[in-house]
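S.K.: My structure is in start-v9.tsv, and what it holds is TSV, C-alpha atoms:
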chain	number	residue	atom	x	y	z
A	1	MET	CA	132.92	57.52	111.09
A	2	ARG	CA	134.39	59.34	114.04
A	3	THR	CA	132.18	62.24	115.15
A	4	VAL	CA	128.51	63.13	115.49
A	5	GLY	CA	128.91	65.23	112.33
A	6	ASP	CA	130.18	62.15	110.46
A	7	LEU	CA	127.08	60.26	111.60
A	8	VAL	CA	124.87	63.05	110.24
A	9	VAL	CA	126.60	62.82	106.86
A	10	TRP	CA	126.09	59.04	106.86
A	11	LEU	CA	122.43	59.26	107.92
A	12	ARG	CA	121.64	61.74	105.15
A	13	LYS	CA	122.32	59.00	102.60
A	14	ARG	CA	119.75	56.63	104.09
A	15	SER	CA	116.60	58.20	102.59
A	16	THR	CA	115.24	61.45	101.21
A	17	GLY	CA	113.49	61.97	104.55
A	18	HIS	CA	116.79	61.69	106.37
A	19	ALA	CA	118.43	64.00	103.86
A	20	GLU	CA	115.72	66.61	104.30
A	21	ALA	CA	115.56	66.44	108.10
A	22	LEU	CA	119.33	66.62	108.45
A	23	ALA	CA	119.99	69.06	105.60
A	24	ASP	CA	122.89	71.48	105.92
A	25	GLY	CA	120.67	74.49	106.58
A	26	ALA	CA	118.31	72.68	108.95
A	27	ALA	CA	118.63	73.73	112.57
A	28	PHE	CA	118.90	70.76	114.86
A	29	GLY	CA	120.86	69.64	117.86
A	30	ALA	CA	122.46	66.41	118.93
A	31	ALA	CA	122.84	64.53	122.17
A	32	ILE	CA	125.03	61.64	123.20
A	33	ASP	CA	123.68	59.59	126.08
A	34	ARG	CA	121.15	62.33	126.83
A	35	ARG	CA	123.60	65.21	127.02
A	36	THR	CA	123.61	67.81	124.28
A	37	VAL	CA	126.91	67.88	122.44
A	38	PRO	CA	128.55	69.82	119.59
A	39	PHE	CA	128.78	68.07	116.23
A	40	ASP	CA	132.53	67.57	116.46
A	41	THR	CA	132.13	65.32	119.51
A	42	PRO	CA	133.60	61.84	119.03
A	43	LEU	CA	131.11	58.97	118.94
A	44	ALA	CA	133.45	56.62	120.78
A	45	GLY	CA	131.87	55.32	123.95
A	46	ALA	CA	128.37	56.47	123.04
A	47	THR	CA	125.40	54.20	123.70
A	48	GLU	CA	122.67	56.48	122.37
A	49	VAL	CA	122.76	59.35	119.90
A	50	ALA	CA	119.74	61.59	119.37
A	51	PHE	CA	118.98	64.44	116.98
A	52	PHE	CA	116.21	66.93	117.63
A	53	PRO	CA	114.84	70.28	116.44
A	54	PRO	CA	115.63	73.43	118.45
A	55	PHE	CA	114.22	73.44	121.97
A	56	THR	CA	111.14	75.61	122.30
A	57	GLY	CA	111.07	75.69	126.07
A	58	GLY	CA	108.05	74.81	128.15
B	1	MET	CA	115.49	70.13	145.59
B	2	THR	CA	113.10	68.27	143.35
B	3	VAL	CA	112.51	68.04	139.61
B	4	ARG	CA	109.54	66.19	138.16
B	5	VAL	CA	108.48	65.88	134.54
B	6	GLN	CA	105.02	64.35	134.39
B	7	GLU	CA	101.87	64.11	132.32
B	8	ALA	CA	99.50	64.53	135.28
B	9	ASP	CA	98.31	67.87	136.64
B	10	PHE	CA	99.64	69.10	139.98
B	11	ASP	CA	98.00	70.54	143.09
B	12	ILE	CA	99.68	73.86	143.82
B	13	GLY	CA	98.56	73.99	147.48
B	14	ALA	CA	99.69	70.47	148.23
B	15	GLU	CA	103.04	71.00	146.51
B	16	ILE	CA	103.73	74.21	148.45
B	17	ALA	CA	102.68	72.66	151.74
B	18	ALA	CA	104.94	69.66	151.20
B	19	LEU	CA	107.85	71.95	150.38
B	20	THR	CA	107.51	74.31	153.34
B	21	ASP	CA	106.39	71.83	155.99
B	22	ALA	CA	109.66	70.01	155.59
B	23	ASN	CA	111.85	73.08	156.16
B	24	LYS	CA	111.26	75.74	158.81
B	25	ARG	CA	114.20	77.90	157.68
B	26	ILE	CA	112.24	79.14	154.67
B	27	GLY	CA	111.21	82.75	155.23
B	28	GLY	CA	110.00	83.45	151.70
B	29	LEU	CA	108.65	81.20	149.00
B	30	ALA	CA	108.37	82.52	145.43
B	31	VAL	CA	105.98	80.52	143.28
B	32	PHE	CA	105.43	80.70	139.54
B	33	VAL	CA	102.68	78.82	137.73
B	34	GLY	CA	102.75	78.73	133.92
B	35	LEU	CA	99.46	78.17	132.07
B	36	VAL	CA	98.45	77.53	128.47
B	37	ARG	CA	97.02	80.86	127.31
B	38	GLU	CA	94.28	81.01	124.75
B	39	MET	CA	95.55	83.92	122.70
B	40	HIS	CA	98.79	83.81	120.88
B	41	VAL	CA	100.64	87.07	120.40
B	42	ARG	CA	102.72	87.06	117.26
B	43	GLU	CA	104.67	90.09	116.14
B	44	GLY	CA	102.49	92.38	118.21
B	45	LEU	CA	99.20	91.18	116.74
B	46	HIS	CA	96.66	88.78	118.20
B	47	ARG	CA	96.35	86.03	115.64
B	48	ASP	CA	95.60	82.35	115.59
B	49	ARG	CA	93.79	81.29	118.74
B	50	ILE	CA	95.65	78.48	120.46
B	51	ASP	CA	93.25	75.80	121.68
B	52	ALA	CA	95.85	73.39	122.94
B	53	LEU	CA	99.53	72.69	123.10
B	54	THR	CA	101.24	69.36	122.91
B	55	LEU	CA	104.51	69.37	124.79
B	56	GLU	CA	107.05	66.68	124.08
B	57	HIS	CA	110.19	65.94	126.02
B	58	TYR	CA	113.14	63.61	125.81
B	59	PRO	CA	112.87	61.37	128.86
B	60	GLY	CA	116.13	61.32	130.74
B	61	MET	CA	117.67	64.31	129.02
B	62	THR	CA	114.93	66.76	130.04
B	63	GLU	CA	115.08	65.76	133.70
B	64	GLN	CA	118.87	65.92	133.65
B	65	ALA	CA	118.84	69.43	132.15
B	66	LEU	CA	116.29	70.64	134.70
B	67	GLU	CA	118.33	69.22	137.55
B	68	ALA	CA	121.44	70.96	136.21
B	69	ILE	CA	119.77	74.38	136.11
B	70	GLU	CA	118.30	73.82	139.56
B	71	ALA	CA	121.80	73.08	140.87
B	72	GLU	CA	123.02	76.25	139.15
B	73	ALA	CA	120.34	78.31	140.93
B	74	LYS	CA	121.36	76.77	144.22
B	75	LEU	CA	124.96	77.81	143.61
B	76	ARG	CA	123.96	81.39	142.83
B	77	TRP	CA	121.49	82.02	145.65
B	78	PRO	CA	121.16	80.80	149.24
B	79	LEU	CA	118.16	78.54	148.73
B	80	GLU	CA	116.49	76.24	151.21
B	81	ALA	CA	114.10	74.53	148.82
B	82	THR	CA	113.40	74.35	145.09
B	83	LEU	CA	110.71	72.53	143.19
B	84	ILE	CA	110.19	72.28	139.43
B	85	VAL	CA	107.18	70.34	138.17
B	86	HIS	CA	106.82	70.39	134.38
B	87	ARG	CA	104.05	68.69	132.47
B	88	TYR	CA	104.11	67.14	129.01
B	89	GLY	CA	101.42	65.81	126.69
B	90	ARG	CA	98.37	67.60	125.28
B	91	LEU	CA	97.43	70.62	127.38
B	92	GLU	CA	94.33	72.69	126.65
B	93	ALA	CA	94.02	76.45	127.13
B	94	GLY	CA	93.90	77.24	130.82
B	95	ALA	CA	95.80	74.13	131.84
B	96	ARG	CA	98.76	74.37	134.20
B	97	ILE	CA	102.07	73.60	132.47
B	98	VAL	CA	104.74	74.34	135.00
B	99	LEU	CA	105.23	75.03	138.68
B	100	VAL	CA	108.40	76.60	140.02
B	101	ALA	CA	108.69	77.17	143.75
B	102	VAL	CA	111.79	78.58	145.40
B	103	GLY	CA	112.21	78.94	149.14
B	104	SER	CA	114.91	80.97	150.85
B	105	PRO	CA	115.36	82.59	154.26
B	106	HIS	CA	114.80	85.96	152.54
B	107	ARG	CA	112.53	87.08	149.73
B	108	GLU	CA	115.12	88.64	147.38
B	109	ALA	CA	116.89	85.36	146.73
B	110	ALA	CA	113.57	83.55	146.32
B	111	PHE	CA	112.26	86.07	143.75
B	112	GLU	CA	115.51	86.23	141.79
B	113	ALA	CA	116.13	82.49	141.69
B	114	CYS	CA	112.52	81.83	140.71
B	115	GLU	CA	112.76	84.29	137.82
B	116	PHE	CA	116.08	82.79	136.74
B	117	LEU	CA	114.60	79.28	136.65
B	118	VAL	CA	111.44	80.34	134.82
B	119	ASP	CA	113.39	82.31	132.20
B	120	TRP	CA	115.53	79.29	131.50
B	121	LEU	CA	112.57	76.91	131.38
B	122	LYS	CA	110.65	79.13	128.96
B	123	THR	CA	113.49	79.42	126.48
B	124	LYS	CA	116.17	76.78	126.85
B	125	ALA	CA	114.60	73.70	128.41
B	126	PRO	CA	114.53	70.53	126.26
B	127	PHE	CA	110.84	70.64	125.38
B	128	TRP	CA	109.16	70.74	121.99
B	129	LYS	CA	105.86	72.53	121.54
B	130	LEU	CA	103.12	71.88	119.01
B	131	GLU	CA	100.38	74.51	118.81
B	132	GLU	CA	96.84	73.56	117.91
B	133	THR	CA	94.73	76.26	116.27
B	134	PRO	CA	91.02	76.06	115.37
B	135	PRO	CA	90.10	74.36	112.07
B	136	ALA	CA	90.07	76.71	109.09
B	137	ARG	CA	86.37	76.52	108.04
B	138	SER	CA	86.45	72.79	107.42
B	139	GLY	CA	88.74	69.93	108.20
B	140	SER	CA	90.61	69.07	111.33
B	141	ALA	CA	92.58	71.31	113.62
B	142	ARG	CA	95.91	72.49	112.32
B	143	ILE	CA	99.04	71.70	114.20
B	144	LYS	CA	101.85	74.16	113.85
B	145	ARG	CA	105.38	74.50	114.97
B	146	THR	CA	105.98	77.41	117.28
B	147	THR	CA	107.31	80.72	116.03
B	148	ARG	CA	110.64	80.11	117.71
B	149	GLN	CA	111.00	76.76	115.99
B	150	ARG	CA	110.12	78.25	112.62
B	151	ARG	CA	112.66	81.02	113.09
B	152	ALA	CA	115.37	78.61	114.16
B	153	GLY	CA	114.66	76.04	111.48
B	154	ARG	CA	115.13	78.31	108.51
B	155	ARG	CA	115.10	75.71	105.79
B	156	SER	CA	113.33	72.86	107.55
B	157	SER	CA	109.79	72.33	106.33
B	158	PRO	CA	106.74	72.63	108.62
B	159	GLU	CA	106.03	68.96	108.02
B	160	SER	CA	109.23	67.91	109.75
B	161	PRO	CA	108.59	65.95	112.90
B	162	SER	CA	109.01	67.98	116.04
B	163	SER	CA	110.12	65.29	118.44
B	164	PRO	CA	113.55	63.63	118.48
B	165	ILE	CA	113.81	62.51	114.91
B	166	ILE	CA	116.49	59.93	114.55
B	167	TRP	CA	117.93	57.51	116.99
B	168	ALA	CA	121.10	55.61	116.40
B	169	ARG	CA	123.07	53.20	118.48
B	170	CYS	CA	126.82	52.99	118.38
B	171	PRO	CA	129.11	50.21	119.49
B	172	LYS	CA	130.56	50.64	122.93
B	173	GLY	CA	134.23	51.26	123.66
B	174	GLY	CA	136.72	54.09	124.24
B	175	GLY	CA	136.24	57.81	124.61
B	176	GLY	CA	134.77	59.80	127.42
B	177	PRO	CA	131.64	61.81	128.07
B	178	VAL	CA	131.55	65.30	126.60
B	179	GLU	CA	129.56	68.05	128.23
B	180	ALA	CA	127.81	70.96	126.59
B	181	LEU	CA	124.82	72.98	127.64
B	182	ARG	CA	123.11	73.57	124.32
B	183	PRO	CA	123.03	72.10	120.86
B	184	VAL	CA	124.99	74.11	118.34
B	185	PRO	CA	124.17	74.36	114.64
B	186	LEU	CA	126.00	71.97	112.36
B	187	ARG	CA	129.02	73.69	110.92
B	188	PRO	CA	130.71	72.72	107.70
B	189	THR	CA	133.60	70.42	108.54
B	190	GLY	CA	137.16	71.45	107.77
B	191	PRO	CA	140.02	73.17	109.49
B	192	PRO	CA	139.31	76.48	111.25
B	193	PRO	CA	140.53	79.61	109.45
B	194	PRO	CA	144.11	80.51	110.35
B	195	TYR	CA	144.57	82.97	113.21
B	196	ASP	CA	145.17	86.37	111.67
B	197	GLY	CA	146.53	88.04	114.76
B	198	GLY	CA	143.34	90.04	115.28
B	199	GLY	CA	141.19	90.28	118.37
B	200	ILE	CA	142.17	90.68	121.98
B	201	LEU	CA	145.63	89.14	121.63
B	202	ARG	CA	146.92	92.03	119.53
B	203	PRO	CA	149.17	94.44	121.52
B	204	SER	CA	147.04	97.44	122.40
B	205	ARG	CA	148.82	100.39	120.81
B	206	PRO	CA	146.56	103.40	120.30
B	207	PRO	CA	145.44	103.45	116.65
B	208	VAL	CA	146.98	106.18	114.51
B	209	GLY	CA	144.73	109.18	114.05
B	210	CYS	CA	142.45	108.36	116.94
B	211	ALA	CA	142.24	110.56	119.99
B	212	ALA	CA	142.49	108.83	123.35
B	213	GLY	CA	139.05	108.14	124.73
B	214	ALA	CA	137.35	108.38	121.34
B	215	PRO	CA	134.11	106.44	121.09
B	216	GLN	CA	134.43	102.70	120.53
B	217	ARG	CA	132.84	102.79	117.10
B	218	ARG	CA	135.40	105.30	115.89
B	219	LEU	CA	138.32	103.32	117.31
B	220	ARG	CA	137.14	100.25	115.49
B	221	ARG	CA	136.89	102.13	112.22
B	222	CYS	CA	140.44	103.44	112.65
B	223	ARG	CA	141.80	99.96	113.31
B	224	ARG	CA	140.13	98.66	110.21
B	225	ARG	CA	141.73	101.41	108.14
B	226	ARG	CA	145.17	100.49	109.48
B	227	ALA	CA	144.65	96.80	108.75
Show the structure stored in the file as structure tokens.

M.R.:
Amino acid sequence: MRTVGDLVVWLRKRSTGHAEALADGAAFGAAIDRRTVPFDTPLAGATEVAFFPPFTGG
Amino acid sequence: MTVRVQEADFDIGAEIAALTDANKRIGGLAVFVGLVREMHVREGLHRDRIDALTLEHYPGMTEQALEAIEAEAKLRWPLEATLIVHRYGRLEAGARIVLVAVGSPHREAAFEACEFLVDWLKTKAPFWKLEETPPARSGSARIKRTTRQRRAGRRSSPESPSSPIIWARCPKGGGGPVEALRPVPLRPTGPPPPYDGGGILRPSRPPVGCAAGAPQRRLRRCRRRRA
């Protein structure tokens, strides 16, 4: 597992809920250490990875 | 230059006074206050009264993003003072959500920078909104995702959680921080398509059969025919 995208693929296998939330067509973003990143970003050095639905703004 | 993300309400007068008392070079202060409105306009029709909103944020990331856009505004305009106060939690119709105050020696910069910050906050800030509409005849109030979320999340179901959904921790070691401003949709992995020589790198010979100065649409059609 090298990138954020690899982590998504791995997480999908954990449960049907994971698979649904992180489905291929689902729109969601990712952050490493509280900075949004593209899915090809390497995980190396990361302390915290987060996935979230699209921002709606305030 | 202050950013605060808080659950508590704010006192507009006190915030403005604190901002301007500290800096006598401010000649104009533009202030925007965002409120939870009762009616929700959707596709040009008034439907679904909104009784309350619940705003969620990602502590740490939201503040960081707000500070970054504030710094950007300061680079673009000569600003003496900026203040962003954004609330989270359950907010009923009429409640204050956000305060943006921008002070500059002159009004133009204050107005423009204030609008810039508000536009960004309303569309791109890391917040997640849940709308609460009145109960349909019986039962409890419905909680819906916002229109923007529904549009963006084409295949995701309305039951999906709207806050950060999965957290994972990775072992430390190696690599460096990567910066990006916005999340991008997950793309299928694999090598990018080979470069076909198209686009701006192609030498710009006038396309055959096209008059110089012909409209762009026509030029494009001609190029396609040649290719």

S.K.: Write down, as a PyMOL selection string, each residue of chain A that has any atom within 8 Å of an atom of chain B, counting all atoms listed in the file.

M.R.: chain A and resi 5+20-21+23-31+34-39+41-58

S.K.: Could you check how far CA of Phe116 in chain B sits from CA of Asp21 in chain B, in Å to one decimal?

M.R.: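 If I compute the distance from CA of Phe116 in chain B to CA of Asp21 in chain B, I get 24.2 Å.
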
S.K.: Enter the distance from CA of Phe111 in chain B to CA of Ile12 in chain B, in Å, rounded to one decimal.

M.R.: 17.5 Å

S.K.: What is the distance, in Å and to one decimal place, between CA of Val31 in chain B and CA of Ala101 in chain B?

M.R.: 4.3 Å

S.K.: Neighbours of Asn23 in chain B within 8 Å (only C-alpha atoms; same-chain residues fewer than 3 positions away dropped), as a PDB file with C-alpha atoms, in the frame of the given file?

M.R.:
ATOM      1  CA  LEU B  19     107.850  71.950 150.380  1.00  0.00           C
ATOM      2  CA  THR B  20     107.510  74.310 153.340  1.00  0.00           C
ATOM      3  CA  ILE B  26     112.240  79.140 154.670  1.00  0.00           C
ATOM      4  CA  GLU B  80     116.490  76.240 151.210  1.00  0.00           C
ATOM      5  CA  ALA B  81     114.100  74.530 148.820  1.00  0.00           C
TER       6      ALA B  81
END

S.K.: Which one of B:Ala110, B:Pro134, B:Asp9, B:Val3 sits closest to Arg76 in chain B if you count all atoms listed in the file?

M.R.: B:Ala110

S.K.: Skip Val8 in chain A itself and residues of its chain fewer than 4 positions away, then list as JSON, numbers by chain all residues within 7 Å of it, counting only C-alpha atoms.

M.R.: {"A": [4, 12, 22]}
